[in-house]
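The structure file upload-v5.csv is reproduced below (CSV, C-alpha atoms).
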chain,number,residue,atom,x,y,z
R,1,GLU,CA,120.2,85.8,100.0
R,2,ASP,CA,119.3,85.6,96.3
R,3,PHE,CA,116.1,87.3,95.3
R,4,LYS,CA,113.7,85.0,93.5
R,5,LEU,CA,110.5,86.1,91.7
R,6,GLU,CA,107.8,83.7,90.6
R,7,LEU,CA,104.8,84.9,88.7
R,8,VAL,CA,101.5,83.0,89.2
R,9,SER,CA,98.3,83.8,87.3
R,10,LEU,CA,95.1,83.9,89.4
R,11,ASP,CA,91.5,84.8,88.5
R,12,LEU,CA,89.5,86.7,91.1
R,13,SER,CA,86.3,85.0,89.8
R,14,LYS,CA,87.6,81.4,90.1
R,15,ASP,CA,88.6,79.2,93.0
R,16,ARG,CA,91.5,77.3,91.5
R,17,GLY,CA,95.1,78.1,92.0
R,18,TRP,CA,95.0,80.1,95.2
R,19,ASP,CA,96.5,77.5,97.6
R,20,ARG,CA,99.3,76.8,95.1
R,21,ALA,CA,100.0,80.5,94.7
R,22,LEU,CA,100.3,81.1,98.5
R,23,GLU,CA,102.3,78.0,99.3
R,24,GLY,CA,105.3,78.9,101.5
R,25,CYS,CA,104.4,82.6,101.7
R,26,ARG,CA,104.9,84.6,104.9
R,27,TYR,CA,103.2,87.7,103.8
R,28,VAL,CA,100.4,88.5,101.3
R,29,LEU,CA,99.5,91.9,99.8
R,30,HIS,CA,96.1,91.9,98.2
R,31,LEU,CA,96.4,95.1,96.1
R,32,ALA,CA,93.9,95.5,93.4
R,33,SER,CA,90.3,95.3,92.3
R,34,PRO,CA,88.5,96.6,89.2
R,35,PHE,CA,88.6,100.4,88.9
R,36,PRO,CA,86.8,101.5,85.7
R,37,LEU,CA,86.4,105.2,84.8
R,38,THR,CA,82.8,104.6,83.8
R,39,ALA,CA,80.5,101.9,85.3
R,40,PRO,CA,80.0,99.1,82.8
R,41,PRO,CA,76.4,97.8,82.2
R,42,ASP,CA,77.2,94.8,84.4
R,43,ALA,CA,78.9,96.8,87.1
R,44,GLU,CA,77.3,94.8,89.9
R,45,GLN,CA,78.9,91.6,88.7
R,46,SER,CA,82.1,92.9,87.0
R,47,VAL,CA,83.0,95.5,89.6
R,48,VAL,CA,81.2,94.9,92.9
R,49,GLN,CA,81.0,91.1,93.0
R,50,MET,CA,84.5,90.7,91.4
R,51,ALA,CA,86.0,92.7,94.2
R,52,VAL,CA,84.0,91.1,97.0
R,53,ASN,CA,84.5,87.5,95.8
R,54,GLY,CA,88.2,88.1,95.0
R,55,THR,CA,88.7,89.3,98.6
R,56,ARG,CA,86.7,86.3,99.9
R,57,ARG,CA,88.9,83.9,98.0
R,58,MET,CA,92.0,85.5,99.2
R,59,ILE,CA,90.9,85.4,102.9
R,60,GLU,CA,89.9,81.8,102.6
R,61,ALA,CA,93.2,80.8,100.9
R,62,CYS,CA,95.2,82.7,103.6
R,63,SER,CA,93.3,80.8,106.3
R,64,ARG,CA,94.6,77.5,104.8
R,65,CYS,CA,98.2,78.7,104.4
R,66,GLN,CA,100.1,77.5,107.4
R,67,SER,CA,103.2,79.5,106.7
R,68,LEU,CA,101.4,82.9,106.5
R,69,ARG,CA,102.1,85.5,109.1
R,70,ARG,CA,100.1,88.6,107.8
R,71,LEU,CA,97.8,89.8,105.1
R,72,VAL,CA,97.9,93.4,104.0
R,73,LEU,CA,94.7,94.4,102.2
R,74,THR,CA,94.6,97.5,100.0
R,75,SER,CA,91.2,99.1,100.4
R,76,SER,CA,90.5,102.7,99.6
R,77,SER,CA,89.2,106.0,101.1
R,78,ALA,CA,86.2,105.2,99.0
R,79,ALA,CA,85.3,102.7,101.8
R,80,VAL,CA,85.6,105.5,104.3
R,81,SER,CA,84.1,108.7,102.9
R,82,GLY,CA,82.1,107.7,99.9
R,83,GLY,CA,78.3,107.6,99.5
R,84,GLY,CA,76.2,109.7,97.2
R,85,GLU,CA,76.8,113.1,95.6
R,86,PRO,CA,78.0,115.8,97.9
R,87,SER,CA,75.9,118.6,99.3
R,88,ARG,CA,76.0,121.6,97.0
R,89,SER,CA,76.2,124.1,99.9
R,90,HIS,CA,79.5,125.5,98.6
R,91,LYS,CA,80.9,125.3,102.1
R,92,PRO,CA,83.8,123.1,103.2
R,93,CYS,CA,82.8,119.9,104.9
R,94,SER,CA,83.2,120.2,108.6
R,95,HIS,CA,83.6,116.5,109.2
R,96,VAL,CA,87.1,115.1,109.4
R,97,PHE,CA,87.1,111.4,108.4
R,98,THR,CA,88.9,108.9,110.5
R,99,GLU,CA,89.3,105.1,110.4
R,100,ARG,CA,86.1,104.8,112.3
R,101,ASP,CA,84.1,106.1,109.4
R,102,TRP,CA,82.5,103.8,106.8
R,103,THR,CA,80.8,104.5,103.5
R,104,ASP,CA,77.1,103.5,103.1
R,105,PRO,CA,77.3,101.1,100.2
R,106,ASP,CA,73.6,101.7,99.4
R,107,LEU,CA,74.3,105.4,98.6
R,108,CYS,CA,77.3,105.2,96.2
R,109,PRO,CA,78.4,104.3,92.7
R,110,PRO,CA,79.8,100.8,91.9
R,111,TYR,CA,83.5,101.4,92.6
R,112,GLU,CA,82.9,102.9,96.1
R,113,ARG,CA,80.4,100.1,96.8
R,114,SER,CA,82.8,97.5,95.7
R,115,LYS,CA,85.6,98.7,97.9
R,116,THR,CA,83.3,99.1,100.9
R,117,LEU,CA,81.7,95.7,100.6
R,118,ALA,CA,85.0,94.0,99.9
R,119,GLU,CA,86.7,95.4,103.0
R,120,ARG,CA,83.7,94.7,105.2
R,121,LYS,CA,83.7,91.1,103.9
R,122,ALA,CA,87.4,90.8,104.7
R,123,TRP,CA,86.9,91.9,108.3
R,124,GLU,CA,83.8,89.7,108.7
R,125,LEU,CA,85.6,86.6,107.5
R,126,TRP,CA,88.8,87.4,109.4
R,127,ARG,CA,87.1,87.8,112.7
R,128,SER,CA,85.1,84.6,112.1
R,129,LEU,CA,88.3,82.5,111.8
R,130,PRO,CA,89.2,80.2,114.7
R,131,GLU,CA,92.2,81.4,116.6
R,132,THR,CA,94.3,78.4,115.4
R,133,CYS,CA,94.2,79.7,111.7
R,134,ARG,CA,93.7,83.4,112.2
R,135,PHE,CA,96.6,85.2,110.6
R,136,GLU,CA,97.4,88.8,111.2
R,137,MET,CA,95.7,91.4,109.0
R,138,VAL,CA,96.2,95.1,108.3
R,139,VAL,CA,94.0,97.3,105.9
R,140,LEU,CA,95.3,100.4,104.1
R,141,ASN,CA,92.8,103.1,102.8
R,142,PRO,CA,94.7,105.4,100.4
R,143,VAL,CA,93.0,108.5,98.9
R,144,LEU,CA,93.7,109.5,95.3
R,145,VAL,CA,97.2,108.1,94.5
R,146,ILE,CA,99.6,110.2,92.4
R,147,GLY,CA,103.3,110.5,92.0
R,148,PRO,CA,106.1,109.2,89.7
R,149,MET,CA,105.1,106.6,87.1
R,150,ILE,CA,107.3,103.7,85.8
R,151,LEU,CA,105.1,102.8,82.8
R,152,PRO,CA,103.4,105.2,80.3
R,153,ASN,CA,99.9,103.9,81.2
R,154,PRO,CA,98.1,106.5,83.3
R,155,SER,CA,95.8,105.1,85.9
R,156,PRO,CA,92.3,106.6,86.6
R,157,SER,CA,93.9,108.4,89.6
R,158,VAL,CA,96.3,110.5,87.4
R,159,THR,CA,94.3,110.8,84.2
R,160,LEU,CA,92.8,114.3,85.0
R,161,ILE,CA,96.2,115.8,85.7
R,162,TRP,CA,97.9,114.1,82.7
R,163,LYS,CA,95.2,115.4,80.3
R,164,MET,CA,95.9,118.9,81.5
R,165,PHE,CA,99.0,118.8,79.3
R,166,SER,CA,97.2,117.4,76.2
R,167,GLY,CA,95.2,120.5,75.3
R,168,GLU,CA,91.8,118.6,75.7
R,169,TYR,CA,90.6,120.8,78.6
R,170,PRO,CA,89.9,124.5,78.2
R,171,ALA,CA,89.3,124.6,81.9
R,172,VAL,CA,89.5,122.3,85.0
R,173,PRO,CA,86.9,121.2,87.6
R,174,ASN,CA,87.0,123.2,90.8
R,175,MET,CA,87.6,120.1,92.8
R,176,TYR,CA,89.6,119.4,96.0
R,177,PRO,CA,90.7,115.8,95.9
R,178,ALA,CA,92.7,114.5,98.8
R,179,MET,CA,95.9,112.9,97.4
R,180,VAL,CA,98.8,110.8,98.5
R,181,ASP,CA,102.1,110.0,96.9
R,182,VAL,CA,102.6,106.5,95.5
R,183,ARG,CA,106.0,106.3,97.3
R,184,ASP,CA,104.3,106.8,100.6
R,185,VAL,CA,101.7,104.2,99.7
R,186,SER,CA,104.5,101.8,98.8
R,187,LEU,CA,106.3,102.5,102.1
R,188,ALA,CA,103.0,102.0,104.1
R,189,HIS,CA,102.6,98.6,102.5
R,190,ARG,CA,106.1,97.5,103.5
R,191,LYS,CA,105.7,98.7,107.0
R,192,ALA,CA,102.2,97.3,107.4
R,193,MET,CA,103.6,94.0,106.3
R,194,THR,CA,106.3,93.7,109.0
R,195,LEU,CA,105.7,96.1,111.9
R,196,PRO,CA,104.7,94.3,115.1
R,197,GLY,CA,101.6,95.2,117.1
R,198,ILE,CA,99.4,96.7,114.3
R,199,SER,CA,97.3,93.7,113.3
R,200,GLY,CA,93.5,94.4,113.3
R,201,ASN,CA,93.9,98.0,112.2
R,202,ARG,CA,92.9,100.0,109.2
R,203,TYR,CA,94.9,103.1,108.2
R,204,ILE,CA,94.0,106.1,106.0
R,205,LEU,CA,96.8,107.2,103.8
R,206,SER,CA,96.7,110.9,102.7
R,207,SER,CA,99.0,113.8,102.4
R,208,GLU,CA,98.4,116.3,105.2
R,209,VAL,CA,97.5,119.5,103.6
R,210,ASP,CA,95.2,122.2,105.0
R,211,PRO,CA,93.6,123.6,103.0
R,212,VAL,CA,93.6,120.8,100.4
R,213,MET,CA,95.0,122.0,97.0
R,214,SER,CA,92.3,122.4,94.4
R,215,LEU,CA,92.8,121.2,90.8
R,216,PRO,CA,93.0,124.7,89.5
R,217,GLU,CA,95.8,125.4,92.1
R,218,ILE,CA,97.6,122.3,90.9
R,219,ALA,CA,97.2,123.5,87.3
R,220,GLN,CA,98.7,126.8,88.3
R,221,LEU,CA,101.6,125.0,90.0
R,222,LEU,CA,102.3,123.1,86.8
R,223,LYS,CA,101.8,126.3,84.7
R,224,ASP,CA,104.4,128.1,86.8
R,225,HIS,CA,106.9,125.3,86.0
R,226,TYR,CA,106.0,124.3,82.5
R,227,GLY,CA,104.5,127.5,81.1
R,228,PRO,CA,107.9,129.2,80.5
R,229,ARG,CA,108.7,126.2,78.3
R,230,GLY,CA,105.7,126.7,76.1
R,231,TYR,CA,103.2,124.3,77.7
R,232,TRP,CA,99.7,125.7,78.1
R,233,LEU,CA,97.8,124.4,81.1
R,234,PRO,CA,94.2,125.4,81.9
R,235,THR,CA,93.7,127.3,85.1
R,236,ILE,CA,90.1,128.4,84.8
R,237,ALA,CA,87.9,126.7,87.4
R,238,LEU,CA,84.7,125.0,86.4
R,239,PRO,CA,82.0,125.0,89.0
R,240,TRP,CA,79.8,121.9,89.7
R,241,TRP,CA,76.9,123.1,87.6
R,242,VAL,CA,79.2,123.2,84.5
R,243,CYS,CA,80.8,119.9,85.3
R,244,SER,CA,77.5,118.1,85.7
R,245,PRO,CA,76.6,118.1,82.0
R,246,MET,CA,80.2,117.7,81.0
R,247,ARG,CA,80.6,114.4,82.8
R,248,LEU,CA,78.3,113.0,80.0
R,249,VAL,CA,81.1,113.7,77.6
R,250,TYR,CA,84.3,113.2,79.7
R,251,SER,CA,84.4,109.9,81.4
R,252,GLU,CA,87.0,111.0,83.9
R,253,LEU,CA,84.7,113.7,85.1
R,254,LYS,CA,82.2,111.1,86.3
R,255,LEU,CA,84.9,109.9,88.7
R,256,ALA,CA,85.9,113.5,89.7
R,257,TYR,CA,82.4,115.0,90.0
R,258,PRO,CA,81.7,114.1,93.7
R,259,PHE,CA,84.7,116.2,94.6
R,260,VAL,CA,83.7,119.3,92.7
R,261,ASP,CA,83.2,122.4,94.9
R,262,THR,CA,83.6,120.3,98.1
R,263,HIS,CA,86.3,119.7,100.6
R,264,CYS,CA,87.1,116.3,102.1
R,265,TYR,CA,89.4,116.2,105.1
R,266,TYR,CA,91.1,113.1,106.6
R,267,ASN,CA,92.9,112.6,109.9
R,268,VAL,CA,96.1,110.6,109.2
R,269,GLN,CA,97.5,110.8,112.7
R,270,LYS,CA,97.0,107.1,113.2
R,271,ALA,CA,99.0,106.2,110.1
R,272,SER,CA,101.7,108.7,110.9
R,273,MET,CA,102.2,107.4,114.4
R,274,ASP,CA,101.8,103.7,114.0
R,275,LEU,CA,103.5,103.4,110.6
R,276,GLY,CA,106.0,106.2,111.1
R,277,ILE,CA,105.3,107.9,107.8
R,278,ASP,CA,105.9,111.6,107.2
R,279,PHE,CA,103.6,112.1,104.1
R,280,MET,CA,105.0,114.0,101.2
R,281,PRO,CA,103.4,117.4,100.2
R,282,VAL,CA,101.1,117.2,97.2
R,283,ALA,CA,103.1,119.9,95.3
R,284,ARG,CA,106.2,117.7,95.3
R,285,SER,CA,104.1,114.6,94.2
R,286,VAL,CA,102.5,116.6,91.3
R,287,LEU,CA,105.8,117.9,90.0
R,288,ASP,CA,107.6,114.6,90.3
R,289,MET,CA,104.7,113.0,88.4
R,290,ALA,CA,104.8,115.6,85.7
R,291,GLN,CA,108.6,114.9,85.3
R,292,THR,CA,107.9,111.3,84.6
R,293,PHE,CA,105.2,112.3,82.1
R,294,GLU,CA,108.1,113.9,80.2
R,295,ASP,CA,110.6,111.1,80.8
R,296,LEU,CA,108.1,108.5,79.5
R,297,ASP,CA,107.1,110.7,76.5
R,298,MET,CA,103.5,111.0,77.8
R,299,ILE,CA,103.1,114.7,77.2
R,300,ARG,CA,103.4,116.5,73.9
R,301,PRO,CA,106.2,119.1,73.3
R,302,PRO,CA,105.0,122.7,72.8
R,303,ALA,CA,104.9,122.4,69.0
R,304,SER,CA,102.5,119.5,69.2
R,305,ILE,CA,100.3,121.3,71.7
R,306,LEU,CA,100.1,124.2,69.3
R,307,LEU,CA,99.0,122.0,66.5
R,308,ARG,CA,96.4,120.3,68.6
R,309,TRP,CA,94.9,123.6,69.7
R,310,LEU,CA,94.9,125.1,66.2
R,311,ALA,CA,93.3,122.0,64.8
R,312,GLY,CA,90.9,121.3,67.6
R,313,GLY,CA,90.1,124.7,69.1
R,314,ALA,CA,86.6,124.6,67.6
R,315,ALA,CA,85.9,121.5,69.7
R,316,VAL,CA,85.1,124.0,72.5
R,317,GLY,CA,83.2,126.4,70.3
R,318,GLY,CA,86.1,128.4,68.8
R,319,HIS,CA,88.3,128.5,65.7
R,320,ALA,CA,91.9,129.1,64.7
R,321,GLY,CA,92.8,132.7,64.0
R,322,GLY,CA,90.6,135.4,65.5
R,323,ASP,CA,88.0,136.0,68.2
R,324,ALA,CA,85.4,133.3,68.7
R,325,PRO,CA,82.0,134.3,67.3
R,326,GLY,CA,79.1,133.7,69.6
R,327,GLY,CA,81.4,132.6,72.5
R,328,GLY,CA,83.8,129.8,72.8
R,329,ALA,CA,87.6,129.8,72.5
R,330,GLY,CA,89.3,132.0,70.0
R,331,ILE,CA,93.0,131.4,69.1
R,332,ASP,CA,95.3,133.9,67.4
R,333,VAL,CA,98.7,132.8,66.0
R,334,VAL,CA,101.4,135.4,67.1
R,335,GLY,CA,104.2,135.8,64.6
R,336,GLY,CA,107.8,136.9,65.0
R,337,ASP,CA,106.9,140.6,64.9
R,338,GLY,CA,104.4,140.1,67.8
R,339,VAL,CA,101.4,140.6,65.6
R,340,ALA,CA,98.6,138.1,65.4
R,341,SER,CA,98.5,136.7,61.9
R,342,THR,CA,97.9,133.6,59.8
R,343,GLU,CA,100.7,134.4,57.4
R,344,CYS,CA,103.7,134.4,59.7
R,345,GLU,CA,106.7,132.2,58.9
R,346,GLU,CA,107.6,131.6,62.5
R,347,ILE,CA,105.3,131.2,65.5
R,348,THR,CA,106.3,132.8,68.8
R,349,GLY,CA,103.1,132.4,70.8
R,350,LEU,CA,99.3,132.1,71.0
R,351,HIS,CA,96.6,134.5,72.1
R,352,LEU,CA,93.7,132.6,73.7
R,353,ASP,CA,90.3,134.2,74.3
R,354,VAL,CA,87.8,132.1,76.2
R,355,ASP,CA,84.2,133.5,76.4
R,356,GLU,CA,81.8,130.9,77.7
R,357,GLY,CA,78.8,131.8,79.9
R,358,ASP,CA,80.1,133.5,83.0
R,359,THR,CA,83.7,132.6,82.1
R,360,ASP,CA,85.6,135.3,80.3
R,361,ALA,CA,89.4,135.1,80.2
R,362,GLU,CA,92.3,135.9,78.0
R,363,GLU,CA,95.7,134.4,78.0
R,364,VAL,CA,98.9,135.1,76.0
R,365,ILE,CA,101.3,132.2,75.7
R,366,ASP,CA,104.9,133.1,74.8
R,367,PHE,CA,106.9,130.1,73.6
R,368,GLY,CA,110.2,131.8,74.4
R,369,SER,CA,111.8,130.8,71.1
R,370,PRO,CA,110.1,130.8,67.7
R,371,LEU,CA,108.7,127.6,66.2
R,372,PRO,CA,108.7,127.1,62.5
R,373,ARG,CA,105.5,127.3,60.4
R,374,LEU,CA,104.6,123.6,60.0
R,375,PHE,CA,101.4,123.7,58.0
R,376,GLU,CA,99.1,126.0,56.0
R,377,TYR,CA,96.7,127.7,58.4
R,378,ASP,CA,94.0,127.9,55.8
R,379,ASP,CA,93.9,124.1,55.9
R,380,VAL,CA,93.1,124.0,59.6
R,381,ARG,CA,89.8,122.2,60.2
R,382,PRO,CA,88.0,121.7,63.5
R,383,ARG,CA,88.0,118.3,65.0
R,384,PRO,CA,84.7,116.4,64.6
Could you show the structure in this file as structure tokens?
Amino acid sequence: EDFKLELVSLDLSKDRGWDRALEGCRYVLHLASPFPLTAPPDAEQSVVQMAVNGTRRMIEACSRCQSLRRLVLTSSSAAVSGGGEPSRSHKPCSHVFTERDWTDPDLCPPYERSKTLAERKAWELWRSLPETCRFEMVVLNPVLVIGPMILPNPSPSVTLIWKMFSGEYPAVPNMYPAMVDVRDVSLAHRKAMTLPGISGNRYILSSEVDPVMSLPEIAQLLKDHYGPRGYWLPTIALPWWVCSPMRLVYSELKLAYPFVDTHCYYNVQKASMDLGIDFMPVARSVLDMAQTFEDLDMIRPPASILLRWLAGGAAVGGHAGGDAPGGGAGIDVVGGDGVASTECEEITGLHLDVDEGDTDAEEVIDFGSPLPRLFEYDDVRPRP
């Protein structure tokens, strides 16, 4: 049978076009809703109500589609385990989340609120439909989705890991995000669409890892693979009290902050048994994702990272060439004779010295093969 693809434009905020788009469909996958890194001023309307009303329009259109067999709704773990900032007890959470858990929408930021209210609205409308027009419905609740990319446009889910390669971060948040591979999420959608006997269920999708890998551990994994090739990756862990003010500067930290210094565990036995999915380990997903960063030219080669650090080291309180006065990040250029200098013709590595509060660490980066001198070091200026 020939495969035919028809693209139809729909607006989550408008009623028109839904019946025409669903005409003749046997399955519907409702996949997306707004996911901003930072909450816009009109978040209640542009994030929360957009998600809720878009879901409502989809359910109502599905109820009028006589050919429809099943709707698969992509919700989120944000509708399961969200709700307020975590306890700062510095102890792992003892609660293991299951499909029976729900986020309190009155205690969470706009995105978590939007996913929770949208999923609740879907179940409410679906259960209120008369039997004659009640289609089958399955809901999937993935955690943070990572893995190989096909386009060079990082989603909020992968931005933190992608930016580890850019030289922007001198350290990483000590966070323990539950993750799932995008290929497992794709497989779960296909199986949720066609497997018999699973209508009326929601399924948490998460890689089973105990303990959950922390972001510094993920950075170390990447460093082990990419460090020998000249990439520098930050492995110093930032505690929550450092991340709290930093989230005012880094928008992605606002998204990550609830996970800092906390553990969040999910029971995925239901998805594993009903959908027959053996979830990939996080380490494989991270490395496969990093490979696509390279394939799509999303990460800088070692020479570019060197230039970025030398030109921008002072952005974290340091300077190029020498120890950082008064704390910060000091960067020495190491020449072909192994001596730190600003007059070398070839660059074989960097010597980084980070001294910031309780954080004191040194790191020597060996590029393996020398890089040519590409600019006059005396002309280096800090980034504004």
Check your understanding: Could you name the residues that touch stretch 157-159 of chain R at 8 Å or less, counting all atoms listed in the file, but leaving out those on the same chain fewer than 4 positions away, as a ChimeraX atom specification?
Key -> /R:144-146,163,252
**Study point:** Polymer residues at most 12 Å from R:Met193, all atoms listed in the file, same-chain spacing of 6 or more positions, as an MDAnalysis selection string
**Key:** chainID R and resid 26:30 68:74 136:140 186:187 199 275
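As for atom CA of R:Cys264 and atom CA of R:Tyr169, they are spaced 24.2 Å apart.
Taking atom CA of R:Gln49 and atom CA of R:Pro36 as the two end points, the separation is 14.0 Å.
Going from atom CA of R:Pro109 to atom CA of R:Arg57 covers 23.5 Å.
Among the candidate residues R:Ser46, R:Asp274, R:Phe259, R:Ala118, the one lying nearest to R:Pro196 is R:Asp274, with distances computed using only C-alpha atoms.
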Point to revise | Residues within 8 Å of R:Pro281, only C-alpha atoms, excluding chain neighbours under 2 positions, as number ranges by chain | key: R: 207-209, 279, 283-285
Exercise for review: May I have the residues within 10 Å of R:Glu112 as a ChimeraX atom specification, using all atoms listed in the file and disregarding those fewer than 5 positions away in the same chain?
Suggested key: /R:35,47-48,76-84,103-107,117-118
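Taking all atoms listed in the file into account, R:Thr98 lies nearest to R:Tyr203 out of the set R:Tyr203, R:Trp232, R:Trp18, R:Phe165.
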Neighbour list for R:Arg127 as a JSON list (two decimals) with C-alpha atoms, in the frame of the given file, cut-off 12 Å, all atoms listed in the file, skip fewer than 4 positions in-chain:
[["chain", "number", "residue", "atom", "x", "y", "z"],
["R", 59, "ILE", "CA", 90.90, 85.40, 102.90],
["R", 63, "SER", "CA", 93.30, 80.80, 106.30],
["R", 120, "ARG", "CA", 83.70, 94.70, 105.20],
["R", 121, "LYS", "CA", 83.70, 91.10, 103.90],
["R", 122, "ALA", "CA", 87.40, 90.80, 104.70],
["R", 123, "TRP", "CA", 86.90, 91.90, 108.30],
["R", 131, "GLU", "CA", 92.20, 81.40, 116.60],
["R", 133, "CYS", "CA", 94.20, 79.70, 111.70],
["R", 134, "ARG", "CA", 93.70, 83.40, 112.20],
["R", 135, "PHE", "CA", 96.60, 85.20, 110.60],
["R", 136, "GLU", "CA", 97.40, 88.80, 111.20],
["R", 137, "MET", "CA", 95.70, 91.40, 109.00],
["R", 199, "SER", "CA", 97.30, 93.70, 113.30],
["R", 200, "GLY", "CA", 93.50, 94.40, 113.30]]
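Here the question is which of R:Pro239, R:Gly276, R:Pro130, R:Pro154 gets nearest to R:Ile299 using only C-alpha atoms, and that residue is R:Pro154.
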Check your understanding: With only C-alpha atoms as the atoms that count, which of R:Ser206, R:Thr262, R:Thr55, R:Ser67 lies nearest to R:Ser13?
Key -> R:Thr55
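Of the listed residues (R:Pro110, R:Gly17, R:Pro142, R:Gly24), R:Pro142 comes nearest to R:Val268; the distances count only C-alpha atoms.
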Could stretch 56-69 of chain R be completed with N, CA, C and O atoms and returned as a short mmCIF file (atom, residue, chain, number, x, y, z; two decimals), in the coordinates of the input?
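Written file, result.cif:
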data_model
loop_
_atom_site.label_atom_id
_atom_site.label_comp_id
_atom_site.auth_asym_id
_atom_site.auth_seq_id
_atom_site.Cartn_x
_atom_site.Cartn_y
_atom_site.Cartn_z
N ARG R 56 87.13 87.54 99.19
CA ARG R 56 86.70 86.30 99.90
C ARG R 56 87.65 85.17 99.62
O ARG R 56 88.09 84.44 100.53
N ARG R 57 87.96 84.96 98.35
CA ARG R 57 88.90 83.90 98.00
C ARG R 57 90.24 84.04 98.60
O ARG R 57 90.87 83.07 99.01
N MET R 58 90.71 85.29 98.66
CA MET R 58 92.00 85.50 99.20
C MET R 58 92.01 85.22 100.74
O MET R 58 92.93 84.56 101.26
N ILE R 59 90.99 85.67 101.47
CA ILE R 59 90.90 85.40 102.90
C ILE R 59 90.84 83.91 103.17
O ILE R 59 91.54 83.37 104.06
N GLU R 60 90.04 83.20 102.40
CA GLU R 60 89.90 81.80 102.60
C GLU R 60 91.19 81.03 102.30
O GLU R 60 91.57 80.09 103.02
N ALA R 61 91.89 81.45 101.25
CA ALA R 61 93.20 80.80 100.90
C ALA R 61 94.21 81.11 101.99
O ALA R 61 95.00 80.24 102.37
N CYS R 62 94.21 82.33 102.52
CA CYS R 62 95.20 82.70 103.60
C CYS R 62 94.91 81.85 104.84
O CYS R 62 95.85 81.48 105.55
N SER R 63 93.65 81.56 105.10
CA SER R 63 93.30 80.80 106.30
C SER R 63 93.84 79.34 106.19
O SER R 63 94.03 78.67 107.21
N ARG R 64 94.08 78.88 104.98
CA ARG R 64 94.60 77.50 104.80
C ARG R 64 96.11 77.48 104.63
O ARG R 64 96.69 76.40 104.52
N CYS R 65 96.74 78.64 104.59
CA CYS R 65 98.20 78.70 104.40
C CYS R 65 98.90 78.72 105.74
O CYS R 65 98.88 79.73 106.46
N GLN R 66 99.52 77.63 106.11
CA GLN R 66 100.10 77.50 107.40
C GLN R 66 101.36 78.34 107.63
O GLN R 66 101.73 78.66 108.76
N SER R 67 102.01 78.74 106.54
CA SER R 67 103.20 79.50 106.70
C SER R 67 102.93 81.04 106.78
O SER R 67 103.83 81.83 107.08
N LEU R 68 101.68 81.44 106.57
CA LEU R 68 101.40 82.90 106.50
C LEU R 68 101.41 83.55 107.85
O LEU R 68 100.89 83.04 108.84
N ARG R 69 102.03 84.72 107.88
CA ARG R 69 102.10 85.50 109.10
C ARG R 69 101.04 86.68 109.02
O ARG R 69 100.32 86.93 109.98
#
